[in-house]
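J.: Coordinates in start09.cif, mmCIF, C-alpha atoms and all ligand atoms, are listed below.
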data_coords
loop_
_atom_site.label_atom_id
_atom_site.label_comp_id
_atom_site.auth_asym_id
_atom_site.auth_seq_id
_atom_site.Cartn_x
_atom_site.Cartn_y
_atom_site.Cartn_z
CA MET A 80 -72.92 -71.20 90.73
CA LYS A 81 -73.72 -74.44 92.52
CA ILE A 82 -73.39 -74.30 96.30
CA LYS A 83 -72.16 -77.59 97.71
CA PRO A 84 -72.10 -78.28 101.45
CA THR A 85 -68.52 -79.36 100.98
CA GLY A 86 -67.48 -76.10 99.31
CA ASN A 87 -66.06 -72.86 100.69
CA LEU A 88 -68.99 -70.71 99.55
CA TYR A 89 -71.22 -72.82 101.76
CA LEU A 90 -68.75 -72.35 104.60
CA ALA A 91 -68.93 -68.57 104.18
CA MET A 92 -72.74 -68.69 104.29
CA LEU A 93 -72.65 -70.75 107.46
CA PHE A 94 -70.45 -68.24 109.23
CA ILE A 95 -72.51 -65.31 107.95
CA GLY A 96 -75.52 -67.09 109.52
CA ILE A 97 -73.70 -67.32 112.86
CA ALA A 98 -72.49 -63.70 112.75
CA ALA A 99 -75.93 -62.38 111.74
CA GLY A 100 -77.51 -64.43 114.54
CA ALA A 101 -75.07 -63.03 117.10
CA TYR A 102 -75.67 -59.47 115.86
CA CYS A 103 -79.46 -59.73 115.91
CA GLY A 104 -79.53 -61.53 119.28
CA TRP A 105 -77.28 -58.84 120.74
CA GLN A 106 -79.27 -55.92 119.29
CA PHE A 107 -82.85 -57.07 119.55
CA GLY A 108 -82.68 -59.26 122.69
CA PRO A 109 -85.79 -61.27 123.68
CA ALA A 110 -87.59 -60.30 120.45
CA MET A 111 -85.33 -62.76 118.65
CA LYS A 112 -86.95 -65.67 120.47
CA SER A 113 -89.40 -65.52 117.58
CA VAL A 114 -86.80 -67.06 115.24
CA ALA A 115 -86.07 -69.99 117.58
CA TRP A 116 -88.18 -72.25 115.36
CA MET A 117 -85.61 -71.96 112.55
CA GLY A 118 -82.94 -73.35 114.85
CA THR A 119 -85.24 -76.07 116.16
CA PHE A 120 -86.07 -77.10 112.60
CA PHE A 121 -82.38 -77.53 111.76
CA LEU A 122 -81.56 -79.22 115.07
CA ASN A 123 -84.43 -81.67 114.72
CA ALA A 124 -83.30 -82.53 111.20
CA LEU A 125 -79.82 -83.35 112.52
CA LYS A 126 -81.18 -85.30 115.48
CA MET A 127 -83.44 -87.28 113.18
CA LEU A 128 -80.34 -88.74 111.54
CA ILE A 129 -78.32 -89.52 114.66
CA VAL A 130 -79.64 -92.96 115.63
CA PRO A 131 -79.55 -94.66 112.21
CA LEU A 132 -76.26 -92.94 111.44
CA ILE A 133 -74.57 -94.10 114.64
CA VAL A 134 -75.79 -97.68 114.37
CA SER A 135 -74.83 -98.04 110.71
CA SER A 136 -71.51 -96.18 111.11
CA MET A 137 -70.36 -98.29 114.03
CA ILE A 138 -71.40 -101.55 112.39
CA VAL A 139 -69.72 -100.73 109.08
CA GLY A 140 -66.69 -99.16 110.79
CA ILE A 141 -66.06 -102.09 113.08
CA SER A 142 -66.67 -104.72 110.45
CA SER A 143 -64.25 -103.01 108.07
CA MET A 144 -61.44 -103.87 110.42
CA GLY A 145 -61.74 -107.47 109.40
CA ASP A 146 -62.30 -110.22 111.91
CA VAL A 147 -63.23 -108.77 115.28
CA ARG A 148 -60.36 -110.70 116.87
CA LYS A 149 -57.96 -108.39 115.06
CA LEU A 150 -59.69 -105.31 116.40
CA GLY A 151 -57.62 -105.06 119.59
CA ARG A 152 -54.73 -102.96 118.30
CA GLN A 153 -56.83 -100.39 116.50
CA GLY A 154 -59.42 -100.13 119.25
CA GLY A 155 -56.60 -99.96 121.82
CA THR A 156 -54.84 -97.18 119.89
CA ILE A 157 -57.89 -95.01 119.67
CA PHE A 158 -58.81 -95.50 123.34
CA ILE A 159 -55.27 -94.64 124.43
CA TYR A 160 -55.28 -91.62 122.13
CA TYR A 161 -58.61 -90.42 123.50
CA PHE A 162 -57.66 -90.86 127.14
CA ALA A 163 -54.23 -89.29 126.63
CA THR A 164 -55.60 -86.16 124.93
CA THR A 165 -58.39 -85.81 127.49
CA GLY A 166 -55.74 -86.10 130.21
CA MET A 167 -53.65 -83.39 128.52
CA ALA A 168 -56.67 -81.10 128.38
CA VAL A 169 -57.42 -81.56 132.10
CA PHE A 170 -53.78 -80.99 132.97
CA LEU A 171 -53.77 -77.78 130.94
CA GLY A 172 -56.96 -76.65 132.69
CA ILE A 173 -55.41 -77.28 136.12
CA ILE A 174 -52.30 -75.28 135.17
CA MET A 175 -54.39 -72.38 133.83
CA VAL A 176 -56.66 -72.12 136.85
CA ASN A 177 -53.68 -72.21 139.21
CA ILE A 178 -51.97 -69.42 137.27
CA PHE A 179 -55.01 -67.15 136.76
CA GLN A 180 -56.63 -67.84 140.19
CA PRO A 181 -60.04 -66.66 138.90
CA GLY A 182 -61.93 -67.65 142.06
CA VAL A 183 -59.91 -65.51 144.47
CA GLY A 184 -62.09 -62.62 145.61
CA VAL A 185 -65.34 -64.19 144.34
CA GLU A 186 -67.89 -64.78 147.10
CA LEU A 187 -70.32 -67.69 147.37
CA SER A 188 -73.29 -66.28 149.26
CA GLU A 189 -74.48 -67.97 152.44
CA THR A 190 -77.92 -68.46 150.95
CA ALA A 191 -76.73 -70.13 147.73
CA VAL A 192 -78.73 -73.20 146.75
CA VAL A 193 -77.99 -76.17 144.50
CA PRO A 194 -79.12 -75.02 141.04
CA GLU A 195 -82.12 -76.70 139.42
CA THR A 196 -79.95 -78.11 136.61
CA VAL A 197 -78.20 -80.47 138.99
CA ALA A 198 -80.87 -80.80 141.69
CA GLY A 199 -81.78 -84.47 142.03
CA LYS A 200 -78.48 -85.49 140.44
CA GLU A 201 -76.47 -85.12 143.67
CA GLN A 202 -76.10 -88.86 144.02
CA ILE A 203 -74.48 -89.61 140.66
CA GLY A 204 -71.12 -91.29 140.98
CA PRO A 205 -68.47 -93.11 138.92
CA THR A 206 -70.45 -96.38 138.90
CA ASP A 207 -73.35 -94.60 137.20
CA ILE A 208 -71.07 -93.95 134.25
CA LEU A 209 -70.30 -97.66 134.02
CA LEU A 210 -73.98 -98.53 134.28
CA SER A 211 -74.86 -96.06 131.54
CA LEU A 212 -72.89 -98.19 129.06
CA ILE A 213 -75.54 -100.90 128.96
CA SER A 214 -79.19 -100.26 128.37
CA PRO A 215 -81.93 -102.62 129.52
CA ASN A 216 -84.00 -101.38 126.59
CA ILE A 217 -82.06 -100.36 123.51
CA VAL A 218 -85.16 -99.05 121.72
CA LYS A 219 -85.94 -96.75 124.63
CA SER A 220 -82.33 -95.54 124.69
CA ALA A 221 -82.51 -94.82 120.99
CA ALA A 222 -85.78 -92.96 121.43
CA GLU A 223 -84.22 -90.87 124.17
CA LEU A 224 -81.06 -90.29 122.11
CA GLN A 225 -78.84 -91.92 124.75
CA ILE A 226 -75.87 -92.52 122.52
CA LEU A 227 -73.46 -94.41 124.75
CA PRO A 228 -75.48 -97.65 125.12
CA LEU A 229 -76.31 -97.46 121.43
CA ILE A 230 -72.61 -97.36 120.60
CA VAL A 231 -71.82 -100.29 122.86
CA PHE A 232 -74.67 -102.29 121.30
CA SER A 233 -73.64 -101.50 117.70
CA LEU A 234 -69.99 -102.16 118.48
CA CYS A 235 -70.77 -105.63 119.82
CA LEU A 236 -73.23 -106.41 117.04
CA GLY A 237 -70.80 -105.23 114.32
CA GLY A 238 -68.02 -107.33 115.84
CA ILE A 239 -70.18 -110.44 116.02
CA LEU A 240 -71.39 -109.99 112.43
CA THR A 241 -67.80 -110.36 111.23
CA THR A 242 -67.52 -113.78 112.85
CA ILE A 243 -70.55 -115.54 111.37
CA GLY A 244 -69.54 -115.70 107.72
CA GLU A 245 -71.72 -115.00 104.71
CA LYS A 246 -74.92 -114.30 106.65
CA GLY A 247 -73.08 -111.64 108.63
CA GLN A 248 -71.72 -110.08 105.42
CA THR A 249 -75.26 -109.72 104.06
CA VAL A 250 -76.30 -107.75 107.14
CA ILE A 251 -73.15 -105.62 106.97
CA ARG A 252 -73.80 -104.83 103.32
CA PHE A 253 -77.30 -103.69 104.27
CA PHE A 254 -75.93 -101.29 106.89
CA ASP A 255 -73.28 -100.10 104.44
CA GLY A 256 -75.96 -99.13 101.90
CA LEU A 257 -78.01 -97.50 104.63
CA ASN A 258 -75.00 -95.53 105.82
CA GLU A 259 -74.18 -94.25 102.36
CA ALA A 260 -77.74 -93.10 101.82
CA LEU A 261 -77.76 -91.37 105.21
CA MET A 262 -74.61 -89.45 104.33
CA LYS A 263 -76.42 -88.06 101.28
CA PHE A 264 -79.26 -87.15 103.62
CA VAL A 265 -76.76 -85.24 105.78
CA GLU A 266 -75.74 -83.16 102.76
CA LEU A 267 -79.38 -82.19 102.22
CA VAL A 268 -79.80 -81.17 105.85
CA MET A 269 -76.62 -79.10 105.65
CA TYR A 270 -78.28 -76.85 103.08
CA ILE A 271 -80.55 -75.44 105.78
CA ALA A 272 -77.68 -74.98 108.25
CA PRO A 273 -76.97 -71.27 107.51
CA ILE A 274 -80.58 -70.38 108.43
CA GLY A 275 -80.63 -72.91 111.24
CA VAL A 276 -77.54 -71.52 112.95
CA PHE A 277 -78.94 -68.00 112.60
CA GLY A 278 -82.08 -69.09 114.48
CA LEU A 279 -80.12 -70.96 117.14
CA VAL A 280 -77.66 -68.18 117.91
CA ALA A 281 -80.08 -65.24 117.71
CA SER A 282 -82.72 -66.86 119.90
CA LYS A 283 -80.24 -68.06 122.52
CA LEU A 284 -78.64 -64.66 122.88
CA GLY A 285 -82.14 -63.14 122.89
CA ASP A 286 -83.14 -65.56 125.62
CA ALA A 287 -80.17 -64.42 127.70
CA GLY A 288 -81.68 -60.93 127.58
CA GLY A 289 -79.72 -59.52 124.65
CA GLY A 290 -76.19 -58.18 124.39
CA GLU A 291 -75.99 -55.93 127.42
CA ALA A 292 -77.61 -58.32 129.89
CA PHE A 293 -75.38 -61.15 128.69
CA TRP A 294 -72.25 -59.01 128.84
CA GLY A 295 -73.12 -57.99 132.40
CA GLU A 296 -73.27 -61.65 133.46
CA LEU A 297 -70.07 -62.47 131.61
CA VAL A 298 -67.93 -59.75 133.19
CA LYS A 299 -69.15 -60.72 136.68
CA ILE A 300 -67.06 -63.85 136.38
CA GLY A 301 -64.94 -62.61 133.50
CA LYS A 302 -61.69 -63.97 134.87
CA TYR A 303 -63.16 -67.48 135.14
CA SER A 304 -64.57 -67.31 131.61
CA LEU A 305 -61.24 -66.05 130.32
CA THR A 306 -59.39 -68.90 132.04
CA VAL A 307 -61.67 -71.47 130.39
CA LEU A 308 -61.42 -69.77 126.98
CA VAL A 309 -57.62 -69.40 127.09
CA GLY A 310 -57.25 -73.05 128.15
CA LEU A 311 -59.56 -74.21 125.36
CA GLY A 312 -57.70 -71.98 122.90
CA VAL A 313 -54.29 -73.40 123.82
CA HIS A 314 -55.57 -76.98 123.59
CA ALA A 315 -57.33 -76.44 120.26
CA LEU A 316 -54.81 -74.18 118.57
CA VAL A 317 -51.51 -75.49 119.97
CA VAL A 318 -51.74 -78.99 121.50
CA LEU A 319 -54.07 -80.64 118.97
CA PRO A 320 -52.39 -79.13 115.88
CA ILE A 321 -49.02 -80.41 117.16
CA LEU A 322 -50.49 -83.90 117.52
CA LEU A 323 -52.06 -83.61 114.08
CA THR A 324 -48.72 -82.67 112.54
CA VAL A 325 -46.55 -85.13 114.41
CA LEU A 326 -48.84 -88.17 114.67
CA ALA A 327 -51.10 -87.82 111.65
CA ARG A 328 -48.69 -85.93 109.36
CA ARG A 329 -51.48 -83.59 108.30
CA ASN A 330 -51.29 -79.85 107.70
CA PRO A 331 -53.31 -78.44 110.65
CA PHE A 332 -54.44 -75.33 108.73
CA ARG A 333 -55.80 -77.29 105.84
CA TYR A 334 -57.32 -79.95 108.08
CA GLY A 335 -58.82 -77.25 110.34
CA LEU A 336 -60.33 -75.46 107.35
CA GLY A 337 -61.86 -78.76 106.27
CA MET A 338 -63.51 -79.21 109.67
CA LEU A 339 -64.86 -75.64 109.93
CA PRO A 340 -68.48 -76.46 109.00
CA ALA A 341 -68.51 -79.00 111.86
CA VAL A 342 -66.92 -76.51 114.26
CA GLY A 343 -69.47 -73.84 113.28
CA THR A 344 -72.32 -76.32 113.80
CA ALA A 345 -70.85 -77.36 117.16
CA TRP A 346 -70.72 -73.73 118.26
CA SER A 347 -74.30 -73.10 117.21
CA THR A 348 -75.87 -76.29 118.59
CA ALA A 349 -73.64 -76.85 121.66
CA SER A 350 -74.05 -80.55 121.02
CA SER A 351 -71.39 -82.98 119.75
CA SER A 352 -74.06 -85.60 119.06
CA ALA A 353 -76.20 -83.29 116.94
CA THR A 354 -73.03 -82.18 115.12
CA LEU A 355 -71.93 -85.76 114.40
CA PRO A 356 -73.55 -85.99 110.94
CA VAL A 357 -71.69 -82.83 109.87
CA THR A 358 -68.43 -84.02 111.49
CA LEU A 359 -68.62 -87.26 109.49
CA GLU A 360 -69.32 -85.38 106.28
CA CYS A 361 -66.40 -82.94 106.80
CA ALA A 362 -63.90 -85.67 107.75
CA GLU A 363 -64.77 -87.86 104.79
CA GLU A 364 -65.56 -85.36 102.06
CA ARG A 365 -63.52 -82.29 102.89
CA ASN A 366 -60.54 -83.92 104.62
CA LYS A 367 -60.47 -87.26 102.85
CA VAL A 368 -60.18 -89.31 106.03
CA SER A 369 -60.83 -92.92 105.05
CA ARG A 370 -64.43 -93.94 105.47
CA ARG A 371 -63.45 -96.76 107.80
CA SER A 372 -61.57 -94.49 110.25
CA ALA A 373 -64.27 -91.82 110.20
CA LEU A 374 -67.12 -94.28 110.78
CA PHE A 375 -65.42 -96.02 113.67
CA VAL A 376 -63.69 -93.12 115.43
CA LEU A 377 -66.10 -90.19 115.15
CA PRO A 378 -69.29 -91.63 116.70
CA LEU A 379 -67.18 -93.05 119.52
CA GLY A 380 -65.43 -89.72 119.98
CA ALA A 381 -68.68 -87.74 120.00
CA THR A 382 -69.66 -89.44 123.25
CA ILE A 383 -66.49 -90.42 125.07
CA ASN A 384 -63.81 -88.02 123.85
CA MET A 385 -64.52 -84.59 125.26
CA ASP A 386 -61.32 -82.62 125.70
CA GLY A 387 -63.11 -79.30 126.03
CA THR A 388 -65.54 -80.58 128.65
CA ALA A 389 -62.72 -82.20 130.64
CA LEU A 390 -60.70 -78.99 130.69
CA TYR A 391 -63.69 -76.94 131.75
CA GLU A 392 -64.67 -79.39 134.54
CA ALA A 393 -61.22 -79.06 136.10
CA VAL A 394 -61.17 -75.26 135.82
CA ALA A 395 -64.72 -74.93 137.19
CA ALA A 396 -64.11 -77.23 140.17
CA ILE A 397 -60.91 -75.46 141.22
CA PHE A 398 -62.57 -72.07 140.61
CA ILE A 399 -65.32 -73.06 143.05
CA ALA A 400 -62.71 -74.21 145.58
CA GLN A 401 -60.95 -70.84 145.30
CA ALA A 402 -64.26 -69.00 145.69
CA VAL A 403 -65.18 -70.80 148.91
CA GLY A 404 -61.63 -70.41 150.20
CA ILE A 405 -60.66 -74.09 150.23
CA ASP A 406 -56.99 -74.71 149.53
CA LEU A 407 -56.74 -77.90 147.51
CA SER A 408 -53.76 -80.13 148.22
CA ALA A 409 -51.71 -81.69 145.40
CA GLY A 410 -53.46 -85.01 146.17
CA GLN A 411 -56.88 -83.40 145.81
CA GLN A 412 -55.82 -81.89 142.49
CA VAL A 413 -54.88 -85.39 141.32
CA VAL A 414 -58.37 -86.54 142.33
CA ILE A 415 -59.78 -83.65 140.27
CA PHE A 416 -57.60 -84.73 137.36
CA LEU A 417 -58.98 -88.28 137.46
CA THR A 418 -62.61 -87.43 138.11
CA ALA A 419 -62.70 -84.64 135.51
CA THR A 420 -61.45 -87.12 132.90
CA LEU A 421 -64.13 -89.60 133.94
CA ALA A 422 -66.84 -86.95 134.12
CA ALA A 423 -66.01 -85.89 130.56
CA VAL A 424 -66.29 -89.49 129.33
CA GLY A 425 -69.65 -89.78 131.08
CA ALA A 426 -71.04 -86.48 129.80
CA ALA A 427 -73.52 -86.88 126.97
CA GLY A 428 -72.94 -84.90 123.76
CA ILE A 429 -75.81 -82.55 124.51
CA PRO A 430 -75.95 -78.92 125.69
CA GLN A 431 -74.58 -78.35 129.18
CA ALA A 432 -74.19 -82.04 130.01
CA GLY A 433 -70.80 -81.22 131.53
CA LEU A 434 -72.49 -79.10 134.16
CA VAL A 435 -74.31 -82.16 135.47
CA THR A 436 -71.38 -84.59 135.50
CA MET A 437 -69.37 -81.95 137.36
CA VAL A 438 -71.22 -83.17 140.43
CA ILE A 439 -68.84 -86.17 140.38
CA VAL A 440 -65.78 -83.92 140.48
CA LEU A 441 -67.13 -81.64 143.21
CA LYS A 442 -68.24 -84.51 145.41
CA ALA A 443 -64.91 -86.29 145.08
CA VAL A 444 -63.12 -83.40 146.78
CA ASN A 445 -66.01 -82.32 149.02
CA LEU A 446 -66.78 -79.03 147.34
CA PRO A 447 -70.27 -77.51 147.72
CA LEU A 448 -72.61 -78.22 144.81
CA GLU A 449 -74.06 -74.75 145.43
CA GLY A 450 -70.88 -73.47 143.76
CA ILE A 451 -72.31 -74.47 140.39
CA GLY A 452 -74.66 -71.50 140.83
CA LEU A 453 -71.65 -69.20 140.38
CA ILE A 454 -70.97 -70.34 136.83
CA LEU A 455 -74.50 -71.10 135.71
CA ALA A 456 -75.38 -67.83 133.99
CA VAL A 457 -72.54 -68.00 131.44
CA ASP A 458 -72.37 -71.76 131.07
CA TRP A 459 -74.46 -71.85 127.88
CA PHE A 460 -71.88 -69.54 126.29
CA LEU A 461 -68.76 -71.44 127.39
CA ASP A 462 -70.51 -74.70 126.45
CA ARG A 463 -70.37 -73.64 122.80
CA PHE A 464 -66.61 -73.26 122.86
CA ARG A 465 -65.97 -76.51 124.69
CA THR A 466 -68.24 -78.35 122.24
CA CYS A 467 -66.11 -76.98 119.35
CA VAL A 468 -62.99 -78.33 121.06
CA ASN A 469 -64.71 -81.68 121.66
CA VAL A 470 -65.57 -82.02 117.96
CA TRP A 471 -62.15 -80.81 116.81
CA GLY A 472 -60.46 -83.33 119.15
CA ASP A 473 -62.54 -86.18 117.68
CA SER A 474 -61.59 -85.27 114.14
CA VAL A 475 -57.90 -85.10 115.01
CA GLY A 476 -58.32 -88.62 116.45
CA ALA A 477 -59.79 -89.83 113.15
CA ALA A 478 -56.76 -88.49 111.23
CA VAL A 479 -54.36 -90.13 113.70
CA LEU A 480 -56.00 -93.55 113.39
CA ASP A 481 -56.05 -93.16 109.65
CA ARG A 482 -52.29 -92.64 109.56
CA PHE A 483 -51.46 -95.56 111.85
CA PHE A 484 -53.89 -97.99 110.29
CA PRO A 485 -54.44 -96.93 106.68
CA SER A 486 -57.53 -98.66 105.34
CA GLY A 487 -56.01 -99.33 101.90
CA GLY A 488 -59.45 -100.07 100.50
CA ARG A 489 -60.07 -102.78 103.06
CA LEU A 490 -63.63 -101.60 103.67
CA GLU A 491 -64.51 -102.15 100.03
CA ARG A 492 -62.73 -105.52 99.84
CA ASN A 493 -64.38 -106.67 103.06
CA LEU A 494 -67.80 -105.77 101.83
CA ALA A 495 -67.13 -107.61 98.61
CA GLY A 496 -66.14 -110.58 100.78
CA THR A 497 -62.64 -110.84 99.34
CA ASP A 498 -60.48 -109.88 102.32
N1 LIG A 501 -72.16 -79.69 125.12
C1 LIG A 501 -71.02 -80.54 125.18
C2 LIG A 501 -71.00 -81.47 123.97
O1 LIG A 501 -72.02 -81.77 123.42
C3 LIG A 501 -70.96 -81.35 126.45
C4 LIG A 501 -70.73 -80.41 127.61
O2 LIG A 501 -69.59 -80.07 127.88
O3 LIG A 501 -71.66 -80.00 128.27
O4 LIG A 501 -69.94 -81.88 123.54
#
So, in terms of structure tokens, how does the structure I just supplied come out?
Ligand code: ASP

T.:
Amino acid sequence: MKIKPTGNLYLAMLFIGIAAGAYCGWQFGPAMKSVAWMGTFFLNALKMLIVPLIVSSMIVGISSMGDVRKLGRQGGTIFIYYFATTGMAVFLGIIMVNIFQPGVGVELSETAVVPETVAGKEQIGPTDILLSLISPNIVKSAAELQILPLIVFSLCLGGILTTIGEKGQTVIRFFDGLNEALMKFVELVMYIAPIGVFGLVASKLGDAGGGEAFWGELVKIGKYSLTVLVGLGVHALVVLPILLTVLARRNPFRYGLGMLPAVGTAWSTASSSATLPVTLECAEERNKVSRRSALFVLPLGATINMDGTALYEAVAAIFIAQAVGIDLSAGQQVVIFLTATLAAVGAAGIPQAGLVTMVIVLKAVNLPLEGIGLILAVDWFLDRFRTCVNVWGDSVGAAVLDRFFPSGGRLERNLAGTD
């Protein structure tokens, strides 16, 4: 039998890889660090594809919308959709943390220090997010896998290419060919995913000291972890499926099943950017989202649309406030709502990026950065779940855009120069 990365047998193998990794990491603890190389091999293969894939996807996606001057409505729709769903996620997080009150009774010790992860980042603010949109050196940004400036650059370039006639079309056709070849490349890389996810999961759990050590850390702030997980669960399994049904007229079960390889990869890598190649493959091949919608919406979503991160930032900030005994006013909770949304937009699609941009939220309402120390030990674990929600939210966005602006073969006609 032929195993195709788009088939269900492949999906089963992927999840067996994750389950086996979790079992071995739990049982054998630090010894499993010896299989970390398998995960790194897979992760590097995905990362290798990110830069050319993002540049070609954005250029082809944007140019398939026709003349850039007509882009406004579609671009506007997807931005509104992204901001609205991120806002819903933060709102849900704020409700959850106010109901569960996970921080009450937790103590922040007098001697707590600002954790190393955020040390040196205390000064980041909202303007830094704006500045991160433009890179003074696009090659350096690409080399460092800074996706946001790369997206802005490709978006502008793709738009301009549509306005300069035949010469522009030649360049677009080049990127279209490149993109199609890269998608085949993604399929090849996906063949090693079942082993890759095994290595990633087993070594990470091993690194955390094995099952018992990890469980000990988790139950210490179990109520906080549960609040984040329940919030993420409600957003992913109730809110987004409703939007998918109502706005995109898609069956959420079938669409969810189609995205499962991407969700499994997101859980194993904790990185939306590294998962992007798989997300594109699942949306196009398994869920038949038009190529134009997938290429435009998914790379954008992987960096700016992070529902899971936004929800977690709000829960974590209010948890810290509860732990240090600060009663937040309604006004301060509104500030948390706004800054958590912004912090999620600014977070890169890499492991634990949300922990760093949380500085913005905490500073906005004068909460101690030392509080991050309280949630640090289990953050790698919760990060995996929020990354799944981030990726799932992006793919729902692609289906929504597809319904409102069906491509009707425009990509093909455009590339043939007949539209
Ligand atoms: N790891 C997340 C992602 O890549 C970002 C975060 O919340 O830290 O989507």

J.: Could you check the closest approach to Leu311 in chain A for each of A:Thr241, A:Gln248, A:Thr165, A:Ser474 and tell me which residue wins, using all atoms listed in the file?

T.: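 Using all atoms listed in the file, Leu311 in chain A sits closest to A:Thr165.
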
J.: Can you tell me which residues surround Pro131 in chain A at a distance of at most 12 Å, considering all atoms listed in the file, apart from same-chain residues fewer than 2 positions away, and format the answer as a tab-separated table (two decimals) with C-alpha atoms, keeping the file's coordinate frame?

T.:
chain	number	residue	atom	x	y	z
A	125	LEU	CA	-79.82	-83.35	112.52
A	126	LYS	CA	-81.18	-85.30	115.48
A	127	MET	CA	-83.44	-87.28	113.18
A	128	LEU	CA	-80.34	-88.74	111.54
A	129	ILE	CA	-78.32	-89.52	114.66
A	133	ILE	CA	-74.57	-94.10	114.64
A	134	VAL	CA	-75.79	-97.68	114.37
A	135	SER	CA	-74.83	-98.04	110.71
A	136	SER	CA	-71.51	-96.18	111.11
A	137	MET	CA	-70.36	-98.29	114.03
A	138	ILE	CA	-71.40	-101.55	112.39
A	139	VAL	CA	-69.72	-100.73	109.08
A	218	VAL	CA	-85.16	-99.05	121.72
A	221	ALA	CA	-82.51	-94.82	120.99
A	222	ALA	CA	-85.78	-92.96	121.43
A	224	LEU	CA	-81.06	-90.29	122.11
A	226	ILE	CA	-75.87	-92.52	122.52
A	229	LEU	CA	-76.31	-97.46	121.43
A	230	ILE	CA	-72.61	-97.36	120.60
A	233	SER	CA	-73.64	-101.50	117.70
A	254	PHE	CA	-75.93	-101.29	106.89
A	255	ASP	CA	-73.28	-100.10	104.44
A	256	GLY	CA	-75.96	-99.13	101.90
A	257	LEU	CA	-78.01	-97.50	104.63
A	258	ASN	CA	-75.00	-95.53	105.82
A	259	GLU	CA	-74.18	-94.25	102.36
A	260	ALA	CA	-77.74	-93.10	101.82
A	261	LEU	CA	-77.76	-91.37	105.21
A	262	MET	CA	-74.61	-89.45	104.33
A	264	PHE	CA	-79.26	-87.15	103.62
A	265	VAL	CA	-76.76	-85.24	105.78
A	355	LEU	CA	-71.93	-85.76	114.40
A	356	PRO	CA	-73.55	-85.99	110.94
A	378	PRO	CA	-69.29	-91.63	116.70

J.: As a quick test: using only C-alpha atoms and all ligand atoms, which residues lie no more than 7 Å away from ligand LIG 501 (chain A)? Give them as a list in words.

T.: Ala349, Ser350, Ser351, Ser352, Ala381, Met385, Gly387, Thr388, Ala426, Ala427, Gly428, Ile429, Pro430, Gln431, Ala432, Gly433, Leu434, Asp462, Arg463, Arg465, Thr466 and Asn469 of chain A

J.: What does the distance between CA of Tyr89 in chain A and CA of Leu336 in chain A come to in Å, to one decimal place?

T.: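 So the two atoms, CA of Tyr89 in chain A and CA of Leu336 in chain A, lie 12.5 Å apart.
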
J.: Rank A:Pro181, A:Ile97, A:Gln106, A:Pro485 by their smallest atom-to-atom distance to Val298 in chain A, using only C-alpha atoms, and report the top residue only.

T.: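 Among the listed residues, the smallest separation from Val298 in chain A belongs to A:Pro181.
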
J.: Using all atoms listed in the file - which residues lie no farther than 7 Å from the point (-83.5, -58.1, 124.3) in the file's frame? Write them as number ranges by chain.

T.: A: 106-110, 285, 288-289

J.: Determine the nearest neighbour of Gly275 in chain A from the options A:Val176, A:Leu132, A:Met92, A:Val231, counting only C-alpha atoms.

T.: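 Among the listed residues, A:Met92 lies closest to Gly275 in chain A.
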
J.: Please compute the CA of Asn177 in chain A-CA of Leu421 in chain A distance, one decimal, in Å.

T.: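 Result for CA of Asn177 in chain A versus CA of Leu421 in chain A: 21.0 Å, one decimal.
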
J.: Find the residues around Phe460 in chain A up to 12 Å (only C-alpha atoms counted), leave out those fewer than 6 positions away in its own chain, and share them as a list in words.

T.: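 In the requested format, the answer is Ala101, Val280, Lys283, Leu284, Asp286, Ala287, Phe293, Trp294, Glu296, Leu297, Ser304, Leu305, Val307, Leu308, Trp346, Ser347, Thr348, Ala349, Pro430, Gln431, Ile454, Thr466 and Cys467 of chain A.
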
J.: Give me, please, the distance in Å between CA of Gly295 in chain A and CA of Gly182 in chain A, quoted to one decimal.

T.: 17.7 Å

J.: Using all atoms listed in the file for the distances, tell me which of A:Lys299, A:Lys200, A:Lys83, A:Arg365 is nearest to Gly184 in chain A.

T.: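 Among the listed residues, the smallest separation from Gly184 in chain A belongs to A:Lys299.
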
J.: Do you know which residues are at most 9 Å from Lys442 in chain A counting only C-alpha atoms, after dropping those on the same chain fewer than 5 positions away, and could you put them as a list in words?

T.: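 Everything that qualifies: Glu201, Gly204, Met437, Pro447 and Leu448 of chain A.
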
J.: Take the residues from that selection and write them out as a PDB file, keeping the file's coordinate frame, keeping C-alpha atoms.

T.:
ATOM      1  CA  GLU A 201     -76.470 -85.120 143.670  1.00  0.00           C
ATOM      2  CA  GLY A 204     -71.120 -91.290 140.980  1.00  0.00           C
ATOM      3  CA  MET A 437     -69.370 -81.950 137.360  1.00  0.00           C
ATOM      4  CA  PRO A 447     -70.270 -77.510 147.720  1.00  0.00           C
ATOM      5  CA  LEU A 448     -72.610 -78.220 144.810  1.00  0.00           C
TER       6      LEU A 448
END

J.: Which residue is closest to Leu407 in chain A? Choose from A:Val268, A:Val444, A:Leu187, A:Ala422 and count only C-alpha atoms.

T.: A:Val444

J.: Which residue is closest to Arg252 in chain A? Choose from A:Gly290, A:Ser142, A:Gly154, A:Ala456 and count all atoms listed in the file.

T.: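 Looking only at the distances to Arg252 in chain A, the closest residue turns out to be A:Ser142.
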
J.: List as a tab-separated table (two decimals) with C-alpha atoms, in the frame of the given file: which residues have an atom within 6 Å of (-61.3, -78.7, 130.4), counting all atoms listed in the file?

T.:
chain	number	residue	atom	x	y	z
A	168	ALA	CA	-56.67	-81.10	128.38
A	169	VAL	CA	-57.42	-81.56	132.10
A	172	GLY	CA	-56.96	-76.65	132.69
A	387	GLY	CA	-63.11	-79.30	126.03
A	388	THR	CA	-65.54	-80.58	128.65
A	389	ALA	CA	-62.72	-82.20	130.64
A	390	LEU	CA	-60.70	-78.99	130.69
A	391	TYR	CA	-63.69	-76.94	131.75
A	392	GLU	CA	-64.67	-79.39	134.54
A	393	ALA	CA	-61.22	-79.06	136.10
